[in-house]
Number of protein chains: 2
Amino acid sequence: MLVVAALGGNALLKRGEPLTAAAQRANVQVAVRALADIVRAGHRLVITHGNGPQVGLLALQGAAYRPDEAYPLDVLGAETEGMIGYMIEQELENALDHDRPVATLLTQVVVDPRDPAFARPTKFVGPVYEQAEAERRAAAAGWQIARDGDKWRRVVPSPRPLEIPGLRVLQLLLAQGVVVVCTGGGGIPVLRREDGSMIGVEAVIDKDAASALLARQLGADALLLLTDVDGVYRDYGTDAATPVHELTVAQAREMDLPAGSMGPKLAAACDFAESGGISGIGRLVDAVAILEGTAGTRVSADA
Amino acid sequence: MLVVAALGGNALLKRGEPLTAAAQRANVQVAVRALADIVRAGHRLVITHGNGPQVGLLALQGAAYRPDEAYPLDVLGAETEGMIGYMIEQELENALDHDRPVATLLTQVVVDPRDPAFARPTKFVGPVYEQAEAERRAAAAGWQIARDGDKWRRVVPSPRPLEIPGLRVLQLLLAQGVVVVCTGGGGIPVLRREDGSMIGVEAVIDKDAASALLARQLGADALLLLTDVDGVYRDYGTDAATPVHELTVAQAREMDLPAGSMGPKLAAACDFAESGGISGIGRLVDAVAILEGTAGTRVSADA
């Protein structure tokens, strides 16, 4: 099978952990064990990953040094593709005893300049703050902010991914048995201008949505959305919480999950399952079991 | 021909220019015109680039935010491969009217842990300082510093590049007509441990030396070391300065050029020319003319 595995931010950084290089590497070393299992099970593999905490960190570092020379989000996104891709590539090669080549490709993803997200930023980047502190920083740096639980965070536009121009290059590598890390952080957001040229834009693309697009355009057999929760629950957070193992797209679309939880993952799972593949949501350590149908939540096309 | 073109730091940032995203992009837009000319002349092309100012900037940004959580140089190098590679890839695709795919590959480069460079750091990274300021920063951050002209800068180890593990992936892409940006900043320096696994190391690899290794391992026809000077001069900086258009390796090895000027470029040119290819040194805008032998300095094997 051709498998697209999307690593959630929590697979790279535990909730509340400091964002040091050492902490990231330690988490990557755990994450690649599950990824190596997918390869050893005989599957071709494309790995995508989140970058929310990392892109936030780079923005804070830049602001601490020279606030008037802030780098735009497309460039920061490219930096995080380098940082995170390097660690995943190196540690996965180590986990596979250097038997299989792993390559990291920078990935631009085209979005629509008329996407309504540009007028209404919703994607959290960077750390949480108390409201007063968030408002002070927003005023100083020109951020927009929004509530995240009982704290506040910077929000940026999250337009819908439309096209992955580097798809053909990715296909060339997959055809030759290369494991590819790409579309990190949902890809580097770019606009196509009237003359056909591309230019980066201040946005962050949802990693699960971009991974679903990638899996569809590749004709993948399975899309794994991997996180630190073991699947989708009905009535999550209540005494009546019930794990759900199998869903059709129609059943999944009927579930009403909050935006901050499994909502975006389930929407991405539906987008891909509609194209005929199997989507799976669950814990990173269960990756192979989700593929085999013995763990997590699987979403498939309506019969 | 298969051409490896190495962009000097001055091709991405003019001397004295502030290191903003806008300044880098403007310089990249100029640089890609010369690179597009190489592709349009019918050659296959691999692009490498420097990262001295950029890796220094990222280190300063990190130190300004949380000095006790400094990211190691391998990770910062990976970030710069993302940042710079993205801009080159996007602008070169634009310059080629999206007729040819351009891909950016993260590149690890193996160095020897016993390389004497680890005991004697010599590679400049980051901005220049007055001596007192450099000494203050060195004491605070654990840097080593050295004189650069009449100023002082941070220096880091620059071990000799030995092996490029991602070579096979790069060859797959070149065979399919993809223009590849790789080995940025001389590559991400890694050590091979006794068990065969790889781990990053605090160092920066000379971009020209890594480009020569890459060109040799690829069996390239030409290596272009592109900068803002129009070639090698005898008696450079004196009234007797004379441009040199053709050199054999033996003639080139006899020239005594200062380490901070053309010395490392000429050494890299010799390393590659010894393998039978043509090395060229000169201005970025003259890239095609250097290939044709009508500009710059060319170094070829002894007859």
# chains A, B, ... in the order shown; residues from 1 in each chain; ligands from 1
$ closest_atom_pairs --of "chain B" --to "chain A" --cutoff "8 Å" --atoms "only C-alpha atoms" --output "Markdown table"
| residue | atom | partner | partner_atom | distance |
| --- | --- | --- | --- | --- |
| B:Thr20 | CA | A:Glu69 | CA | 6.1 |
| B:Ala21 | CA | A:Tyr71 | CA | 5.8 |
| B:Leu60 | CA | A:Tyr65 | CA | 6.9 |
| B:Gln61 | CA | A:Gln61 | CA | 4.8 |
| B:Gly62 | CA | A:Gln61 | CA | 5.3 |
| B:Ala63 | CA | A:Gln61 | CA | 7.9 |
| B:Ala64 | CA | A:Tyr65 | CA | 5.2 |
| B:Tyr65 | CA | A:Gln61 | CA | 5.0 |
| B:Arg66 | CA | A:Gln61 | CA | 8.0 |
| B:Glu69 | CA | A:Thr20 | CA | 6.1 |
| B:Ala70 | CA | A:Thr20 | CA | 7.9 |
| B:Tyr71 | CA | A:Ala21 | CA | 5.8 |
| B:Pro72 | CA | A:Ala21 | CA | 7.5 |
| B:Val75 | CA | A:Met83 | CA | 5.7 |
| B:Leu76 | CA | A:Met83 | CA | 7.2 |
| B:Ala78 | CA | A:Gly82 | CA | 4.8 |
| B:Glu79 | CA | A:Glu79 | CA | 4.3 |
| B:Thr80 | CA | A:Glu79 | CA | 6.3 |
| B:Glu81 | CA | A:Gly82 | CA | 6.2 |
| B:Gly82 | CA | A:Gly82 | CA | 4.5 |
| B:Met83 | CA | A:Glu79 | CA | 4.9 |
| B:Gly85 | CA | A:Leu106 | CA | 7.9 |
| B:Tyr86 | CA | A:Ala78 | CA | 6.3 |
| B:Gln90 | CA | A:Met198 | CA | 6.8 |
| B:Glu91 | CA | A:Met198 | CA | 7.9 |
| B:Glu93 | CA | A:Ser197 | CA | 7.9 |
| B:Asn94 | CA | A:Ser197 | CA | 5.1 |
| B:Asp97 | CA | A:Ser197 | CA | 7.0 |
| B:His98 | CA | A:Ser197 | CA | 7.6 |
| B:Pro101 | CA | A:Val169 | CA | 7.4 |
| B:Ala103 | CA | A:Leu105 | CA | 6.9 |
| B:Thr104 | CA | A:Leu106 | CA | 5.6 |
| B:Leu105 | CA | A:Leu105 | CA | 5.1 |
| B:Leu106 | CA | A:Thr104 | CA | 5.6 |
| B:Gly166 | CA | A:Ala103 | CA | 7.4 |
| B:Val169 | CA | A:Ala103 | CA | 7.2 |
| B:Leu172 | CA | A:Leu173 | CA | 7.3 |
| B:Leu173 | CA | A:Leu172 | CA | 7.3 |
| B:Val178 | CA | A:Val169 | CA | 7.5 |
| B:Gly196 | CA | A:Asp97 | CA | 7.4 |
| B:Ser197 | CA | A:Asn94 | CA | 5.1 |
| B:Met198 | CA | A:Asn94 | CA | 6.6 |
| B:Ile199 | CA | A:Gln90 | CA | 7.4 |
$ select_by_dssp --residues "stretch 59-249 of chain A" --states "strand (DSSP E or B)" --output "short mmCIF file (atom, residue, chain, number, x, y, z; two decimals) with all heavy atoms, in the first residue's frame"
data_model
loop_
_atom_site.label_atom_id
_atom_site.label_comp_id
_atom_site.auth_asym_id
_atom_site.auth_seq_id
_atom_site.Cartn_x
_atom_site.Cartn_y
_atom_site.Cartn_z
N VAL A 102 15.65 7.86 2.80
CA VAL A 102 14.61 8.79 3.25
C VAL A 102 15.01 10.17 2.74
O VAL A 102 16.17 10.57 2.89
CB VAL A 102 14.49 8.82 4.79
CG1 VAL A 102 13.38 9.77 5.22
CG2 VAL A 102 14.26 7.41 5.34
N ALA A 103 14.10 10.89 2.10
CA ALA A 103 14.41 12.21 1.57
C ALA A 103 13.39 13.22 2.08
O ALA A 103 12.22 12.90 2.24
CB ALA A 103 14.39 12.19 0.04
N THR A 104 13.84 14.44 2.33
CA THR A 104 12.96 15.51 2.75
C THR A 104 12.86 16.54 1.64
O THR A 104 13.88 17.09 1.21
CB THR A 104 13.48 16.18 4.03
OG1 THR A 104 13.66 15.19 5.03
CG2 THR A 104 12.50 17.23 4.53
N LEU A 105 11.65 16.77 1.16
CA LEU A 105 11.39 17.72 0.08
C LEU A 105 10.67 18.94 0.63
O LEU A 105 9.62 18.81 1.27
CB LEU A 105 10.45 17.10 -0.96
CG LEU A 105 11.00 16.25 -2.08
CD1 LEU A 105 9.85 15.79 -2.96
CD2 LEU A 105 12.04 17.00 -2.91
N GLN A 108 5.76 23.50 -1.54
CA GLN A 108 4.85 24.63 -1.66
C GLN A 108 3.43 24.10 -1.89
O GLN A 108 3.24 23.09 -2.56
CB GLN A 108 5.25 25.50 -2.85
CG GLN A 108 6.68 26.05 -2.75
CD GLN A 108 7.09 26.83 -3.98
OE1 GLN A 108 6.47 27.82 -4.34
NE2 GLN A 108 8.16 26.40 -4.63
N VAL A 109 2.45 24.78 -1.32
CA VAL A 109 1.06 24.40 -1.50
C VAL A 109 0.28 25.66 -1.90
O VAL A 109 0.35 26.68 -1.22
CB VAL A 109 0.47 23.76 -0.23
CG1 VAL A 109 -1.03 23.52 -0.37
CG2 VAL A 109 1.18 22.44 0.10
N VAL A 110 -0.45 25.56 -3.02
CA VAL A 110 -1.16 26.71 -3.56
C VAL A 110 -2.48 26.92 -2.81
O VAL A 110 -3.23 25.97 -2.59
CB VAL A 110 -1.45 26.51 -5.07
CG1 VAL A 110 -2.21 27.71 -5.63
CG2 VAL A 110 -0.15 26.29 -5.83
N VAL A 111 -2.73 28.17 -2.44
CA VAL A 111 -4.02 28.55 -1.85
C VAL A 111 -4.63 29.67 -2.69
O VAL A 111 -3.97 30.25 -3.56
CB VAL A 111 -3.86 29.00 -0.37
CG1 VAL A 111 -3.27 27.89 0.47
CG2 VAL A 111 -3.01 30.26 -0.27
N LYS A 123 -6.10 30.06 12.82
CA LYS A 123 -5.13 29.01 13.15
C LYS A 123 -4.19 29.49 14.26
O LYS A 123 -3.54 30.52 14.12
CB LYS A 123 -4.32 28.67 11.90
CG LYS A 123 -3.30 27.58 12.09
CD LYS A 123 -3.90 26.22 11.91
CE LYS A 123 -2.84 25.14 11.89
NZ LYS A 123 -3.46 23.81 11.72
N PHE A 124 -4.10 28.73 15.35
CA PHE A 124 -3.21 29.08 16.45
C PHE A 124 -1.76 28.82 16.07
O PHE A 124 -1.46 27.75 15.51
CB PHE A 124 -3.54 28.25 17.69
CG PHE A 124 -4.90 28.54 18.26
CD1 PHE A 124 -5.88 27.56 18.24
CD2 PHE A 124 -5.19 29.78 18.81
CE1 PHE A 124 -7.14 27.81 18.78
CE2 PHE A 124 -6.45 30.03 19.34
CZ PHE A 124 -7.43 29.05 19.32
N VAL A 125 -0.87 29.79 16.34
CA VAL A 125 0.56 29.52 16.27
C VAL A 125 1.22 30.05 17.53
O VAL A 125 0.79 31.06 18.09
CB VAL A 125 1.26 30.14 15.03
CG1 VAL A 125 0.75 29.52 13.73
CG2 VAL A 125 1.13 31.64 15.01
N GLY A 126 2.25 29.37 17.98
CA GLY A 126 3.03 29.83 19.12
C GLY A 126 2.38 29.50 20.45
O GLY A 126 1.39 28.79 20.52
N PRO A 127 2.99 30.02 21.53
CA PRO A 127 2.57 29.65 22.89
C PRO A 127 1.26 30.31 23.31
O PRO A 127 0.78 31.22 22.65
CB PRO A 127 3.72 30.17 23.76
CG PRO A 127 4.37 31.23 22.96
CD PRO A 127 4.14 30.92 21.52
N VAL A 128 0.70 29.82 24.41
CA VAL A 128 -0.50 30.43 25.01
C VAL A 128 -0.07 31.52 25.98
O VAL A 128 1.01 31.46 26.56
CB VAL A 128 -1.36 29.37 25.75
CG1 VAL A 128 -1.85 28.32 24.77
CG2 VAL A 128 -0.60 28.75 26.90
N TYR A 129 -0.93 32.53 26.12
CA TYR A 129 -0.68 33.64 27.04
C TYR A 129 -1.94 33.92 27.84
O TYR A 129 -3.06 33.61 27.40
CB TYR A 129 -0.33 34.92 26.28
CG TYR A 129 0.89 34.83 25.40
CD1 TYR A 129 0.75 34.66 24.03
CD2 TYR A 129 2.17 34.91 25.94
CE1 TYR A 129 1.87 34.57 23.20
CE2 TYR A 129 3.28 34.83 25.12
CZ TYR A 129 3.13 34.66 23.76
OH TYR A 129 4.22 34.57 22.97
N GLN A 144 -3.12 39.15 15.24
CA GLN A 144 -4.48 38.92 15.69
C GLN A 144 -4.43 37.79 16.72
O GLN A 144 -3.61 36.89 16.60
CB GLN A 144 -5.38 38.57 14.52
CG GLN A 144 -5.38 39.70 13.48
CD GLN A 144 -6.64 39.73 12.65
OE1 GLN A 144 -7.74 39.61 13.16
NE2 GLN A 144 -6.47 39.91 11.36
N ILE A 145 -5.29 37.86 17.73
CA ILE A 145 -5.28 36.84 18.79
C ILE A 145 -6.69 36.30 19.00
O ILE A 145 -7.67 36.92 18.60
CB ILE A 145 -4.74 37.42 20.12
CG1 ILE A 145 -5.56 38.65 20.55
CG2 ILE A 145 -3.26 37.77 20.01
CD1 ILE A 145 -5.22 39.14 21.94
N ALA A 146 -6.75 35.10 19.60
CA ALA A 146 -8.05 34.49 19.90
C ALA A 146 -7.91 33.59 21.11
O ALA A 146 -6.80 33.20 21.49
CB ALA A 146 -8.56 33.69 18.69
N ARG A 147 -9.04 33.26 21.73
CA ARG A 147 -9.06 32.43 22.92
C ARG A 147 -8.77 30.97 22.55
O ARG A 147 -9.31 30.45 21.57
CB ARG A 147 -10.44 32.54 23.57
CG ARG A 147 -10.56 31.78 24.88
CD ARG A 147 -12.00 31.80 25.38
NE ARG A 147 -12.41 33.11 25.87
CZ ARG A 147 -12.18 33.53 27.11
NH1 ARG A 147 -11.56 32.76 27.97
NH2 ARG A 147 -12.62 34.73 27.50
N ASP A 148 -7.91 30.30 23.33
CA ASP A 148 -7.63 28.88 23.16
C ASP A 148 -7.80 28.24 24.53
O ASP A 148 -6.91 28.31 25.37
CB ASP A 148 -6.20 28.68 22.63
CG ASP A 148 -5.90 27.20 22.34
OD1 ASP A 148 -6.85 26.39 22.32
OD2 ASP A 148 -4.72 26.88 22.12
N LYS A 151 -6.82 30.27 27.80
CA LYS A 151 -5.72 31.19 27.51
C LYS A 151 -5.97 31.85 26.15
O LYS A 151 -6.98 31.62 25.50
CB LYS A 151 -4.40 30.41 27.45
CG LYS A 151 -4.11 29.60 28.69
CD LYS A 151 -3.56 30.44 29.81
CE LYS A 151 -3.17 29.52 30.99
NZ LYS A 151 -2.45 30.22 32.01
N TRP A 152 -4.98 32.65 25.72
CA TRP A 152 -5.07 33.34 24.43
C TRP A 152 -3.82 33.05 23.62
O TRP A 152 -2.74 32.85 24.16
CB TRP A 152 -5.24 34.84 24.65
CG TRP A 152 -6.60 35.18 25.18
CD1 TRP A 152 -7.07 34.92 26.45
CD2 TRP A 152 -7.68 35.78 24.46
NE1 TRP A 152 -8.37 35.33 26.56
CE2 TRP A 152 -8.78 35.87 25.37
CE3 TRP A 152 -7.84 36.25 23.17
CZ2 TRP A 152 -10.00 36.41 24.98
CZ3 TRP A 152 -9.06 36.81 22.79
CH2 TRP A 152 -10.12 36.87 23.70
N ARG A 153 -3.98 33.07 22.29
CA ARG A 153 -2.85 32.81 21.40
C ARG A 153 -2.96 33.66 20.14
O ARG A 153 -4.04 34.14 19.80
CB ARG A 153 -2.84 31.33 20.95
CG ARG A 153 -2.43 30.37 22.02
CD ARG A 153 -2.60 28.95 21.54
NE ARG A 153 -1.45 28.45 20.78
CZ ARG A 153 -1.41 27.25 20.22
NH1 ARG A 153 -2.46 26.44 20.30
NH2 ARG A 153 -0.35 26.86 19.57
N ARG A 154 -1.83 33.78 19.45
CA ARG A 154 -1.83 34.41 18.13
C ARG A 154 -2.58 33.52 17.15
O ARG A 154 -2.46 32.29 17.19
CB ARG A 154 -0.39 34.58 17.65
CG ARG A 154 -0.29 35.23 16.29
CD ARG A 154 1.17 35.31 15.83
NE ARG A 154 1.23 35.91 14.50
CZ ARG A 154 2.30 35.89 13.72
NH1 ARG A 154 3.41 35.30 14.16
NH2 ARG A 154 2.28 36.45 12.53
N VAL A 155 -3.37 34.13 16.28
CA VAL A 155 -4.04 33.39 15.20
C VAL A 155 -3.63 33.97 13.85
O VAL A 155 -3.43 35.17 13.70
CB VAL A 155 -5.58 33.41 15.31
CG1 VAL A 155 -6.06 32.48 16.41
CG2 VAL A 155 -6.11 34.83 15.50
N VAL A 156 -3.51 33.08 12.85
CA VAL A 156 -3.14 33.50 11.49
C VAL A 156 -4.11 32.84 10.51
O VAL A 156 -4.78 31.87 10.86
CB VAL A 156 -1.68 33.11 11.16
CG1 VAL A 156 -0.71 33.77 12.15
CG2 VAL A 156 -1.49 31.61 11.16
N GLU A 163 -3.61 22.84 -4.30
CA GLU A 163 -2.76 22.17 -5.29
C GLU A 163 -1.35 22.05 -4.75
O GLU A 163 -0.87 22.93 -4.05
CB GLU A 163 -2.75 23.03 -6.57
CG GLU A 163 -1.98 22.44 -7.74
CD GLU A 163 -1.59 23.53 -8.74
OE1 GLU A 163 -2.23 24.59 -8.77
OE2 GLU A 163 -0.61 23.30 -9.47
N VAL A 179 11.41 6.76 0.88
CA VAL A 179 10.47 7.28 1.87
C VAL A 179 10.62 8.80 1.88
O VAL A 179 11.75 9.30 1.98
CB VAL A 179 10.77 6.70 3.27
CG1 VAL A 179 9.85 7.32 4.31
CG2 VAL A 179 10.67 5.18 3.25
N VAL A 180 9.52 9.52 1.76
CA VAL A 180 9.62 10.97 1.60
C VAL A 180 8.94 11.71 2.75
O VAL A 180 7.80 11.39 3.12
CB VAL A 180 8.99 11.43 0.27
CG1 VAL A 180 9.19 12.94 0.08
CG2 VAL A 180 9.61 10.68 -0.91
N VAL A 181 9.65 12.67 3.32
CA VAL A 181 9.09 13.61 4.28
C VAL A 181 8.76 14.87 3.50
O VAL A 181 9.65 15.43 2.84
CB VAL A 181 10.10 13.95 5.41
CG1 VAL A 181 9.48 14.91 6.41
CG2 VAL A 181 10.61 12.69 6.08
N ILE A 188 4.28 25.08 2.48
CA ILE A 188 4.55 26.52 2.45
C ILE A 188 3.45 27.17 1.61
O ILE A 188 3.30 26.85 0.43
CB ILE A 188 5.93 26.80 1.80
CG1 ILE A 188 7.03 26.00 2.52
CG2 ILE A 188 6.22 28.30 1.81
CD1 ILE A 188 8.34 25.95 1.75
N PRO A 189 2.65 28.07 2.22
CA PRO A 189 1.51 28.62 1.48
C PRO A 189 1.95 29.60 0.40
O PRO A 189 2.70 30.54 0.66
CB PRO A 189 0.70 29.34 2.57
CG PRO A 189 1.68 29.65 3.64
CD PRO A 189 2.74 28.59 3.59
N VAL A 190 1.48 29.38 -0.83
CA VAL A 190 1.82 30.27 -1.95
C VAL A 190 0.57 30.59 -2.76
O VAL A 190 -0.39 29.82 -2.78
CB VAL A 190 2.88 29.63 -2.89
CG1 VAL A 190 4.19 29.37 -2.13
CG2 VAL A 190 2.38 28.36 -3.54
N LEU A 191 0.61 31.74 -3.40
CA LEU A 191 -0.45 32.16 -4.31
C LEU A 191 0.08 32.08 -5.74
O LEU A 191 1.26 32.35 -5.98
CB LEU A 191 -0.84 33.62 -4.05
CG LEU A 191 -1.31 33.97 -2.64
CD1 LEU A 191 -1.57 35.47 -2.55
CD2 LEU A 191 -2.56 33.18 -2.28
N ARG A 192 -0.81 31.73 -6.67
CA ARG A 192 -0.45 31.77 -8.08
C ARG A 192 -0.93 33.11 -8.64
O ARG A 192 -2.11 33.42 -8.59
CB ARG A 192 -1.12 30.62 -8.83
CG ARG A 192 -0.59 30.42 -10.24
CD ARG A 192 -1.46 29.44 -11.01
NE ARG A 192 -1.50 28.12 -10.42
CZ ARG A 192 -0.56 27.18 -10.60
NH1 ARG A 192 0.48 27.44 -11.35
NH2 ARG A 192 -0.67 26.00 -10.02
N MET A 198 4.53 32.18 -8.85
CA MET A 198 4.11 31.90 -7.47
C MET A 198 4.78 32.89 -6.51
O MET A 198 5.92 33.30 -6.72
CB MET A 198 4.56 30.50 -7.06
CG MET A 198 4.07 29.42 -7.96
SD MET A 198 2.40 28.88 -7.54
CE MET A 198 2.37 27.36 -8.49
N ILE A 199 4.07 33.20 -5.42
CA ILE A 199 4.65 34.03 -4.37
C ILE A 199 4.10 33.57 -3.02
O ILE A 199 2.92 33.23 -2.92
CB ILE A 199 4.36 35.53 -4.62
CG1 ILE A 199 5.05 36.40 -3.56
CG2 ILE A 199 2.87 35.82 -4.65
CD1 ILE A 199 6.57 36.39 -3.63
N GLY A 200 4.96 33.54 -2.02
CA GLY A 200 4.54 33.12 -0.69
C GLY A 200 3.54 34.08 -0.08
O GLY A 200 3.46 35.24 -0.48
N ALA A 222 -4.02 4.72 1.79
CA ALA A 222 -4.42 5.02 3.17
C ALA A 222 -3.83 6.35 3.61
O ALA A 222 -2.71 6.72 3.23
CB ALA A 222 -3.96 3.91 4.12
N LEU A 223 -4.60 7.06 4.42
CA LEU A 223 -4.17 8.30 5.07
C LEU A 223 -4.27 8.08 6.57
O LEU A 223 -5.35 7.79 7.09
CB LEU A 223 -5.08 9.46 4.66
CG LEU A 223 -4.92 10.77 5.45
CD1 LEU A 223 -3.55 11.39 5.22
CD2 LEU A 223 -6.04 11.76 5.07
N LEU A 224 -3.14 8.21 7.27
CA LEU A 224 -3.14 8.05 8.73
C LEU A 224 -2.94 9.41 9.38
O LEU A 224 -1.93 10.08 9.13
CB LEU A 224 -2.00 7.13 9.17
CG LEU A 224 -2.07 5.68 8.70
CD1 LEU A 224 -0.85 4.90 9.22
CD2 LEU A 224 -3.37 5.03 9.17
N LEU A 225 -3.90 9.83 10.20
CA LEU A 225 -3.80 11.09 10.94
C LEU A 225 -3.45 10.71 12.37
O LEU A 225 -4.31 10.24 13.13
CB LEU A 225 -5.10 11.86 10.84
CG LEU A 225 -5.53 12.13 9.37
CD1 LEU A 225 -6.96 12.65 9.31
CD2 LEU A 225 -4.57 13.10 8.70
N LEU A 226 -2.17 10.87 12.74
CA LEU A 226 -1.64 10.29 13.97
C LEU A 226 -1.46 11.35 15.04
O LEU A 226 -0.92 12.43 14.79
CB LEU A 226 -0.31 9.60 13.66
CG LEU A 226 -0.45 8.49 12.60
CD1 LEU A 226 0.91 8.01 12.13
CD2 LEU A 226 -1.29 7.33 13.13
N THR A 227 -1.89 11.03 16.25
CA THR A 227 -1.90 12.00 17.34
C THR A 227 -1.65 11.27 18.65
O THR A 227 -1.07 10.18 18.65
CB THR A 227 -3.23 12.78 17.30
OG1 THR A 227 -3.27 13.69 18.37
CG2 THR A 227 -4.44 11.85 17.37
N VAL A 232 -11.49 8.50 17.50
CA VAL A 232 -12.65 9.41 17.64
C VAL A 232 -13.61 8.80 18.67
O VAL A 232 -13.82 7.59 18.70
CB VAL A 232 -13.34 9.58 16.27
CG1 VAL A 232 -14.59 10.44 16.40
CG2 VAL A 232 -12.37 10.19 15.27
N TYR A 233 -14.15 9.64 19.50
CA TYR A 233 -15.14 9.21 20.50
C TYR A 233 -16.46 9.91 20.27
O TYR A 233 -16.50 11.08 19.89
CB TYR A 233 -14.67 9.58 21.92
CG TYR A 233 -13.62 8.65 22.48
CD1 TYR A 233 -12.32 8.68 22.00
CD2 TYR A 233 -13.95 7.75 23.49
CE1 TYR A 233 -11.36 7.83 22.50
CE2 TYR A 233 -12.98 6.89 24.00
CZ TYR A 233 -11.68 6.93 23.51
OH TYR A 233 -10.74 6.08 24.01
N ARG A 234 -17.57 9.18 20.48
CA ARG A 234 -18.85 9.85 20.65
C ARG A 234 -18.91 10.36 22.09
O ARG A 234 -18.47 9.68 23.01
CB ARG A 234 -20.01 8.85 20.45
CG ARG A 234 -20.28 8.54 19.01
CD ARG A 234 -21.51 7.65 18.86
NE ARG A 234 -21.39 6.87 17.64
CZ ARG A 234 -21.59 7.37 16.41
NH1 ARG A 234 -21.94 8.63 16.25
NH2 ARG A 234 -21.42 6.60 15.34
N THR A 242 -17.69 7.06 24.12
CA THR A 242 -17.61 5.73 23.49
C THR A 242 -16.68 5.81 22.29
O THR A 242 -16.88 6.65 21.41
CB THR A 242 -19.00 5.30 22.95
OG1 THR A 242 -19.99 5.67 23.89
CG2 THR A 242 -19.02 3.81 22.67
N PRO A 243 -15.67 4.94 22.24
CA PRO A 243 -14.79 4.96 21.07
C PRO A 243 -15.54 4.46 19.83
O PRO A 243 -16.39 3.58 19.92
CB PRO A 243 -13.66 4.01 21.44
CG PRO A 243 -14.22 3.12 22.50
CD PRO A 243 -15.26 3.92 23.23
N VAL A 244 -15.18 5.05 18.69
CA VAL A 244 -15.81 4.66 17.43
C VAL A 244 -14.73 4.04 16.56
O VAL A 244 -13.70 4.67 16.31
CB VAL A 244 -16.39 5.90 16.71
CG1 VAL A 244 -17.09 5.48 15.43
CG2 VAL A 244 -17.34 6.64 17.63
N GLU A 246 -15.28 2.27 13.37
CA GLU A 246 -15.51 2.34 11.92
C GLU A 246 -16.59 3.39 11.64
O GLU A 246 -17.60 3.44 12.34
CB GLU A 246 -15.99 0.98 11.37
CG GLU A 246 -14.97 -0.14 11.48
CD GLU A 246 -13.91 -0.11 10.36
OE1 GLU A 246 -14.10 0.64 9.37
OE2 GLU A 246 -12.90 -0.82 10.49
N LEU A 247 -16.36 4.17 10.60
CA LEU A 247 -17.34 5.18 10.19
C LEU A 247 -17.37 5.24 8.66
O LEU A 247 -16.32 5.12 8.03
CB LEU A 247 -16.95 6.57 10.70
CG LEU A 247 -17.10 6.89 12.19
CD1 LEU A 247 -16.42 8.22 12.48
CD2 LEU A 247 -18.58 6.97 12.58
N THR A 248 -18.56 5.42 8.11
CA THR A 248 -18.61 5.81 6.70
C THR A 248 -18.49 7.33 6.67
O THR A 248 -18.64 8.02 7.70
CB THR A 248 -19.93 5.40 6.05
OG1 THR A 248 -20.99 6.15 6.66
CG2 THR A 248 -20.19 3.91 6.19
#
$ residues_around --residues "stretch 26-40 of chain A" --least-positions-apart "2" --cutoff "7 Å" --atoms "only C-alpha atoms" --output "list in words"
Ala11, Leu12, Leu13, Ala22, Ala23, Gln24, Gly42, His43, Arg44, Leu45, Met87, Ile88, Glu91, Leu92, Ala95, Leu96, Leu284, Val285, Ala287 and Val288 of chain A
$ atom_distance --atom1 "atom CA of A:Ile278" --atom2 "atom CA of A:Leu291"
8.4 Å
$ residues_around --residues "stretch 266-275 of chain B" --least-positions-apart "4" --cutoff "8 Å" --atoms "only C-alpha atoms" --output "ChimeraX atom specification"
/B:208-209,211-213,215-216,223,225,249,252-253,262,279-281,299-302
$ atom_distance --atom1 "atom CA of A:Pro159" --atom2 "atom CA of A:Ala117"
5.1 Å
